[in-house]
Structures are given as structure tokens and as C-alpha cells.
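Chemist: coords16.tsv is reproduced in full below (TSV, C-alpha atoms).
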```tsv
chain	number	residue	atom	x	y	z
A	1	MET	CA	6.07	198.39	128.78
A	2	HIS	CA	6.58	200.64	131.81
A	3	PRO	CA	8.74	198.79	134.37
A	4	VAL	CA	6.25	199.41	137.21
A	5	VAL	CA	3.44	198.03	135.05
A	6	ASN	CA	5.51	194.92	134.41
A	7	GLN	CA	6.05	194.55	138.18
A	8	LEU	CA	2.34	194.91	138.82
A	9	ILE	CA	1.46	192.25	136.24
A	10	GLN	CA	3.91	189.82	137.79
A	11	LEU	CA	2.62	190.62	141.28
A	12	GLU	CA	-0.99	190.08	140.19
A	13	GLU	CA	-0.10	186.69	138.75
A	14	LEU	CA	1.61	185.62	141.98
A	15	ILE	CA	-1.40	186.67	144.06
A	16	LEU	CA	-3.75	184.68	141.82
A	17	ILE	CA	-1.46	181.64	141.92
A	18	ARG	CA	-1.41	181.86	145.72
A	19	ASP	CA	-5.22	181.80	145.72
A	20	GLU	CA	-5.19	178.75	143.44
A	21	GLN	CA	-2.96	176.80	145.80
A	22	LYS	CA	-5.74	176.66	148.38
A	23	PHE	CA	-7.62	174.40	145.97
A	24	MET	CA	-4.74	172.62	144.26
A	25	SER	CA	-1.82	171.59	146.44
A	26	GLY	CA	-2.60	173.03	149.86
A	27	ASP	CA	0.25	174.76	151.68
A	28	ALA	CA	3.07	173.25	149.61
A	29	HIS	CA	4.10	176.50	147.89
A	30	LEU	CA	2.44	179.14	150.05
A	31	ASP	CA	5.51	180.20	152.04
A	32	ASN	CA	7.55	180.83	148.89
A	33	LEU	CA	4.68	182.64	147.19
A	34	ASN	CA	4.01	184.86	150.19
A	35	ALA	CA	7.69	185.76	150.41
A	36	ALA	CA	7.82	186.60	146.70
A	37	ILE	CA	4.65	188.71	146.93
A	38	LYS	CA	5.95	190.60	149.97
A	39	GLY	CA	9.29	191.29	148.32
A	40	MET	CA	7.79	192.44	145.02
A	41	THR	CA	5.21	194.64	146.77
A	42	ALA	CA	7.94	196.38	148.78
A	43	LYS	CA	9.76	197.37	145.59
A	44	LEU	CA	6.80	199.30	144.18
A	45	PRO	CA	6.70	203.11	144.46
A	46	ARG	CA	4.78	204.07	147.59
A	47	ASP	CA	1.75	205.61	145.84
A	48	ILE	CA	1.42	202.67	143.47
A	49	ARG	CA	1.87	200.18	146.31
A	50	GLU	CA	-0.84	201.79	148.42
A	51	HIS	CA	-3.24	201.93	145.47
A	52	ALA	CA	-2.57	198.27	144.58
A	53	GLU	CA	-3.06	197.12	148.18
A	54	LYS	CA	-6.34	199.05	148.43
A	55	LEU	CA	-7.70	197.26	145.35
A	56	THR	CA	-6.38	193.87	146.43
A	57	ASN	CA	-7.98	194.24	149.85
A	58	LYS	CA	-11.31	194.68	148.08
A	59	GLN	CA	-10.73	191.34	146.28
A	60	GLN	CA	-10.15	193.21	143.00
A	61	SER	CA	-7.36	192.89	140.47
A	62	ALA	CA	-4.95	195.77	140.85
A	63	ILE	CA	-4.07	195.87	137.16
A	64	VAL	CA	-6.01	194.70	134.09
A	65	PRO	CA	-5.50	194.79	130.32
A	66	ILE	CA	-7.35	196.98	127.85
A	67	ALA	CA	-9.29	194.87	125.35
A	68	GLU	CA	-10.51	196.71	122.25
A	69	GLN	CA	-10.69	200.07	124.06
A	70	VAL	CA	-12.52	198.50	127.03
A	71	CYS	CA	-11.32	198.09	130.62
A	72	SER	CA	-11.41	194.33	131.07
A	73	GLY	CA	-11.99	194.78	134.79
A	74	CYS	CA	-15.28	196.70	134.71
A	75	GLY	CA	-16.27	196.77	131.03
A	76	MET	CA	-16.16	200.54	130.61
A	77	THR	CA	-15.29	201.88	127.17
A	78	LEU	CA	-12.25	204.09	127.67
A	79	PRO	CA	-11.48	207.41	125.96
A	80	ILE	CA	-9.17	206.96	122.99
A	81	SER	CA	-6.75	209.46	124.53
A	82	LEU	CA	-6.43	207.26	127.65
A	83	VAL	CA	-5.94	204.11	125.58
A	84	GLN	CA	-3.15	205.81	123.66
A	85	ALA	CA	-1.54	207.04	126.88
A	86	VAL	CA	-1.60	203.52	128.34
A	87	ARG	CA	-0.16	202.18	125.10
A	88	LEU	CA	2.72	204.68	125.22
A	89	ALA	CA	3.44	203.51	128.80
A	90	ARG	CA	5.24	206.64	129.94
A	91	GLU	CA	3.45	206.47	133.28
A	92	VAL	CA	0.88	204.30	135.07
A	93	HIS	CA	-2.77	205.07	134.30
A	94	SER	CA	-6.01	203.89	135.96
A	95	CYS	CA	-9.54	203.27	134.75
A	96	PRO	CA	-11.68	206.33	135.63
A	97	ASN	CA	-14.57	204.02	136.57
A	98	CYS	CA	-13.15	201.15	138.66
A	99	ALA	CA	-9.71	202.64	139.52
A	100	ARG	CA	-7.85	199.50	138.41
A	101	MET	CA	-4.51	200.25	136.82
A	102	LEU	CA	-4.29	199.52	133.11
A	103	TYR	CA	-1.89	198.02	130.61
A	104	PHE	CA	-1.94	197.46	126.87
A	105	VAL	CA	-1.07	194.22	125.09
A	106	GLU	CA	-0.07	194.60	121.45
A	107	SER	CA	-0.68	190.98	120.53
A	108	ALA	CA	-2.47	188.33	122.55
A	109	ALA	CA	-4.68	185.29	122.17
A	110	LYS	CA	-8.35	186.21	121.86
A	111	ARG	CA	-11.54	184.48	122.93
A	112	ILE	CA	-14.17	184.34	120.18
A	113	ALA	CA	-17.54	185.24	121.65
A	114	SER	CA	-20.29	182.68	121.09
A	115	LYS	CA	-23.47	183.74	119.37
A	116	ARG	CA	-26.40	183.33	121.73
A	117	ARG	CA	-29.75	182.23	120.43
A	118	ARG	CA	-32.79	184.18	121.57
A	119	THR	CA	-34.84	181.03	121.92
A	120	GLY	CA	-34.13	177.73	123.61
A	121	ARG	CA	-33.28	176.70	127.13
A	122	GLN	CA	-30.39	178.48	128.81
A	123	LYS	CA	-27.35	176.30	129.43
A	124	GLY	CA	-26.28	175.55	132.97
A	125	GLY	CA	-23.33	174.02	134.76
A	126	ILE	CA	-20.27	173.02	132.76
A	127	ALA	CA	-22.21	173.47	129.50
A	128	ARG	CA	-21.88	177.24	129.90
A	129	PHE	CA	-18.14	176.98	129.29
A	130	SER	CA	-17.59	174.04	126.99
A	131	ALA	CA	-19.07	171.79	124.31
A	132	PRO	CA	-18.81	168.20	122.98
A	133	SER	CA	-16.41	169.50	120.30
A	134	LEU	CA	-13.87	170.38	123.04
A	135	MET	CA	-13.71	166.84	124.41
A	136	ILE	CA	-10.61	164.76	123.54
A	137	PRO	CA	-11.16	161.12	124.61
A	138	GLU	CA	-7.52	160.18	124.01
A	139	LEU	CA	-4.75	162.75	123.84
A	140	SER	CA	-2.13	161.95	121.24
A	141	SER	CA	0.58	163.89	123.13
A	142	ALA	CA	2.71	162.60	125.98
A	143	SER	CA	4.50	165.68	127.37
A	144	VAL	CA	3.13	168.72	129.20
A	145	GLU	CA	4.13	171.12	126.43
A	146	ASP	CA	2.66	168.95	123.67
A	147	VAL	CA	-0.58	168.31	125.55
A	148	ILE	CA	-1.13	172.03	126.09
A	149	ALA	CA	-0.38	172.69	122.42
A	150	GLU	CA	-2.81	169.94	121.35
A	151	MET	CA	-5.62	171.31	123.51
A	152	ALA	CA	-5.02	174.95	122.55
A	153	SER	CA	-5.06	173.93	118.87
A	154	LYS	CA	-8.34	172.09	119.47
A	155	MET	CA	-9.88	175.25	120.92
A	156	GLU	CA	-8.77	177.27	117.91
A	157	ALA	CA	-9.88	174.65	115.38
A	158	GLU	CA	-13.35	174.58	116.95
A	159	GLY	CA	-13.68	178.36	116.77
A	160	PHE	CA	-13.40	179.19	120.47
A	161	VAL	CA	-10.13	181.17	120.39
A	162	GLU	CA	-7.67	182.87	118.07
A	163	GLY	CA	-3.90	182.66	118.53
A	164	SER	CA	-3.34	179.19	119.97
A	165	ASP	CA	0.45	179.66	119.78
A	166	LYS	CA	0.17	182.59	122.21
A	167	LEU	CA	-2.02	180.48	124.50
A	168	VAL	CA	0.65	177.78	124.60
A	169	GLU	CA	3.37	180.31	125.40
A	170	ALA	CA	1.34	181.87	128.22
A	171	ALA	CA	0.28	178.49	129.66
A	172	LEU	CA	3.86	177.24	129.77
A	173	GLN	CA	5.01	180.46	131.46
A	174	ARG	CA	2.36	179.81	134.10
A	175	GLU	CA	3.52	176.18	134.53
A	176	ALA	CA	7.09	177.41	135.07
A	177	ILE	CA	6.03	179.27	138.24
A	178	VAL	CA	4.05	176.47	139.93
A	179	SER	CA	2.73	173.30	138.31
A	180	THR	CA	-1.02	173.19	137.66
A	181	ALA	CA	-1.21	169.50	138.61
A	182	VAL	CA	-3.92	169.28	141.26
A	183	GLY	CA	-3.31	165.67	142.26
A	184	HIS	CA	-5.79	162.79	141.92
A	185	GLU	CA	-4.64	162.38	138.26
A	186	LEU	CA	-5.91	165.88	137.40
A	187	ALA	CA	-4.11	168.89	135.91
A	188	VAL	CA	-5.70	172.25	135.11
A	189	PRO	CA	-3.40	174.27	132.82
A	190	HIS	CA	-4.86	177.68	132.07
A	191	VAL	CA	-4.33	181.16	130.66
A	192	ARG	CA	-5.76	184.34	132.16
A	193	GLY	CA	-6.47	187.60	130.39
A	194	VAL	CA	-7.95	186.00	127.26
A	195	GLU	CA	-10.49	188.68	126.41
A	196	GLY	CA	-13.30	188.84	123.87
A	197	GLY	CA	-15.75	186.36	125.37
A	198	GLY	CA	-16.43	184.18	128.36
A	199	LEU	CA	-14.45	181.48	130.11
A	200	ALA	CA	-13.99	178.29	128.05
A	201	LEU	CA	-12.57	174.86	128.81
A	202	ALA	CA	-11.49	171.73	126.98
A	203	VAL	CA	-11.03	168.28	128.50
A	204	GLY	CA	-8.51	165.68	127.39
A	205	LEU	CA	-7.86	162.15	128.68
A	206	SER	CA	-4.69	160.09	128.65
A	207	SER	CA	-5.01	156.36	129.31
A	208	LYS	CA	-1.23	156.00	129.66
A	209	GLY	CA	-0.86	159.05	131.89
A	210	ILE	CA	1.42	162.10	131.66
A	211	GLN	CA	4.19	162.98	134.10
A	212	TRP	CA	2.92	166.50	134.78
A	213	ASP	CA	4.66	167.27	138.04
A	214	GLY	CA	7.55	165.38	139.61
A	215	ASP	CA	6.04	165.98	143.06
A	216	CYS	CA	2.83	164.11	142.22
A	217	ASP	CA	2.58	160.44	143.16
A	218	GLN	CA	0.25	159.66	140.24
A	219	PRO	CA	0.59	160.49	136.54
A	220	THR	CA	-1.99	162.89	135.13
A	221	ARG	CA	-4.80	161.26	133.16
A	222	ILE	CA	-7.39	164.05	133.13
A	223	VAL	CA	-6.41	167.45	131.73
A	224	VAL	CA	-8.74	170.46	131.82
A	225	PHE	CA	-7.41	173.38	129.78
A	226	ILE	CA	-9.10	176.69	130.57
A	227	VAL	CA	-8.95	180.19	129.05
A	228	ILE	CA	-10.13	182.91	131.43
A	229	PRO	CA	-11.10	186.53	130.77
A	230	THR	CA	-9.95	188.94	133.45
A	231	ALA	CA	-13.48	189.55	134.71
A	232	ALA	CA	-13.91	185.82	135.42
A	233	SER	CA	-10.77	185.38	137.54
A	234	ALA	CA	-12.74	185.10	140.81
A	235	PHE	CA	-15.25	182.67	139.33
A	236	TYR	CA	-12.40	180.56	137.96
A	237	LEU	CA	-11.30	179.81	141.53
A	238	LYS	CA	-14.79	178.46	142.29
A	239	LEU	CA	-14.65	176.38	139.12
A	240	LEU	CA	-11.24	175.03	140.08
A	241	ALA	CA	-12.56	174.09	143.53
A	242	GLY	CA	-15.51	172.30	141.94
A	243	LEU	CA	-13.31	170.32	139.55
A	244	ALA	CA	-10.88	169.39	142.32
A	245	GLU	CA	-13.79	168.20	144.49
A	246	THR	CA	-15.31	166.17	141.66
A	247	PHE	CA	-12.17	164.33	140.67
A	248	SER	CA	-10.86	163.73	144.16
A	249	ASP	CA	-13.29	160.79	144.00
A	250	ALA	CA	-11.73	157.70	142.40
A	251	ASP	CA	-15.08	156.47	141.07
A	252	ALA	CA	-15.68	159.80	139.31
A	253	ARG	CA	-12.27	159.60	137.65
A	254	LYS	CA	-12.89	156.01	136.54
A	255	THR	CA	-16.30	156.96	135.09
A	256	LEU	CA	-14.72	159.70	132.99
A	257	LEU	CA	-11.69	157.67	131.92
A	258	ASP	CA	-13.90	154.77	130.79
A	259	GLU	CA	-15.45	156.94	128.07
A	260	LYS	CA	-14.04	156.34	124.60
A	261	GLY	CA	-15.96	158.88	122.53
A	262	ALA	CA	-16.41	162.67	122.66
A	263	GLU	CA	-20.19	162.53	123.18
A	264	GLY	CA	-19.92	159.99	126.00
A	265	LEU	CA	-17.14	162.02	127.63
A	266	TRP	CA	-19.24	165.16	127.40
A	267	LYS	CA	-22.30	163.54	128.98
A	268	ALA	CA	-20.21	161.99	131.76
A	269	LEU	CA	-18.52	165.33	132.50
A	270	GLN	CA	-21.86	167.10	132.75
A	271	LYS	CA	-23.29	164.44	135.07
A	272	LEU	CA	-20.25	164.28	137.34
A	273	THR	CA	-19.99	168.06	137.78
A	274	ARG	CA	-23.73	168.75	138.14
A	275	LYS	CA	-23.47	169.42	141.88
A	276	THR	CA	-19.96	170.93	141.99
A	277	VAL	CA	-19.92	173.32	139.01
A	278	LYS	CA	-22.79	175.81	138.92
```
For the structure just supplied, provide its representation as C-alpha cells.

Modeler:
Amino acid sequence: MHPVVNQLIQLEELILIRDEQKFMSGDAHLDNLNAAIKGMTAKLPRDIREHAEKLTNKQQSAIVPIAEQVCSGCGMTLPISLVQAVRLAREVHSCPNCARMLYFVESAAKRIASKRRRTGRQKGGIARFSAPSLMIPELSSASVEDVIAEMASKMEAEGFVEGSDKLVEAALQREAIVSTAVGHELAVPHVRGVEGGGLALAVGLSSKGIQWDGDCDQPTRIVVFIVIPTAASAFYLKLLAGLAETFSDADARKTLLDEKGAEGLWKALQKLTRKTVK
């Protein structure tokens, strides 16, 4: 991978993590993140830096992956010659449609697109991203790494993703930067750039609790594991805000944690998030 492309990917991740902190842990990590973003931005070549800042100021990702010859930022099918040039990584290339800079991933986890029925009522709320089969009423794992592996494996077993091992690796890399523990017994581990379909989430409960982040006063008992395509990065922040709002209420957490079966958990999740996740 071109070294500047690698810098841009790291910078993009830091910017997105900074945005998350507004909904997760407030100002706790913002100073460090802002300093890291400023320092990494300054190291970019001037033309690349100016182009990245222009895109970021428009609330757009500066760099996005190619997924099956398609720009994951705008959905345009790219010329094969451009895909090959990006893959060779001798210089930095941009999408001719949206101007986002591009990179190629040789091997990554993949979202399996759901088959939509032509008839029937359209799903709304949390049901657009999940299903009863992705509910785990009692997680068997007790550590952060094992919980993430259990939930990623569940997603793969139920036919929502391919490459759960790569999901685990990416999720743990994200945890190493800043914990995804939101507080109020909630953690939201996630992986971005999972292309091939829409956003998907699984929910797992732990009656004993998991020590997710040493800075949190309470152990984590509700875990929401999310895979996010690049195009849904902005919406994910709204989803995160909705989940944080829902489970900041102790009664809502108790309602969810009282459920002992997948169907009951699913129905409770839908009811609790009806007003906060749309």
C-alpha cells in the first residue's frame, strides 16, 4: 500500500472516532484525538492535504475502498484501468465522480446483501439492520476479545457476513485506539468498510457483566456489534446516538436484560428503540 494512502486511512479513522466520542464518552479523549489528527494532517503532502481537507469540510470521507470495482463512497463503477492503478498503489488516485481518494483491499470481511421481497410491508427502525437470529440472550464469553469473536461468528453463521476472523481483527484494532464502551452498561464494538450490503447489527447480553473499559464505573452487560459499509458511516453516528439515548435509561436496560430468549429480546429491542432509531 502507498504510504500516503496508509496515512489517509489512519487519519480517516481518527476523524470518525472523534465524531463518535460526542455520543460515547464526551470530551474524555477529544484533546488527544485532535492533536493526533492535526499532527497526521500536517505530515501529508500539500496537494493531498488540501484535497483531503476540502472533502472533510464537506462532511465526506476523504478516502474510501474499492469494492468489486465500485467506489464505496458514491457507488460509481470504476474503469478497470483505474482499479488496477489503485491496486498497484504507485500513486494516489481519486474517483472521477465524487473525487474521494481510493484504496484497494486484497482481502476483507464482506457483508452479504439480503434478498428483498417485492411484496410485504417495508421494515422500519432497528428491523432494517438486524433480525431475531442476531440476538444472543446470554453471551458465553467473558472477555472483550472473546465477546467480539462470538458475535462476529454469529453474524457469519446466520449468513450476514463472510470472514468473521477479519471482522474480529478489525474490531480489536479499533478498540485499541479508544474503547467503544459508551457507559450505562453499553458497548458498541464495530467495523467500518464492510462492503457488499447494508449496515447490520447483533445484540448480546451478559448477566454477569464484562469489564470492557477500565475507565467505566459499571461492567458492560449490553453489547451491540455493528458492521458498517463506508456509505453508511454518517448514518452510523445517528444510530449510535439513538442507542446511547435509549440505554442511558436504567429502566430500558432492565427491560432488555430481563429477556431470556432471542424472540423476547428482539421484540424488546424493537419497542425500546422505536423513537430513537429511525

Chemist: Stretch 231-240 of chain A: which residues within 9 Å, counting only C-alpha atoms, same-chain residues fewer than 2 positions away excluded, as a list in words?

Modeler: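 Listed by chain and then number, they are Leu16, Asp19, Glu20, Phe23, Met24, Gln59, Gln60, Ser61, Ser72, Gly73, Cys74, Gly75, Val188, Arg192, Gly193, Glu195, Gly198, Leu199, Ile226, Ile228, Pro229, Gly242, Leu243, Ala244, Glu245, Thr276, Val277 and Lys278 of chain A.
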
Chemist: Between A:Leu205, A:Ala109, A:Val168, A:Ile66, single out the one closest to A:Ser94, counting all atoms listed in the file.

Modeler: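 Closest to A:Ser94 of all the choices is A:Ile66.
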
Chemist: Kindly give the distance, in Å, that separates atom CA of A:Glu12 and atom CA of A:Ala152, rounded to a single decimal.

Modeler: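 Pair atom CA of A:Glu12 / atom CA of A:Ala152 returns 23.6 Å.
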
Chemist: Just the number, please: distance in Å from atom CA of A:Arg18 to atom CA of A:Asn34, one decimal.

Modeler: 7.6 Å

Chemist: Taking 4 positions as the minimum chain separation for residues in the same chain, which residues sit within 6 Å of stretch 81-91 of chain A when counting all atoms listed in the file? Answer as a ChimeraX atom specification.

Modeler: /A:1-2,103-104
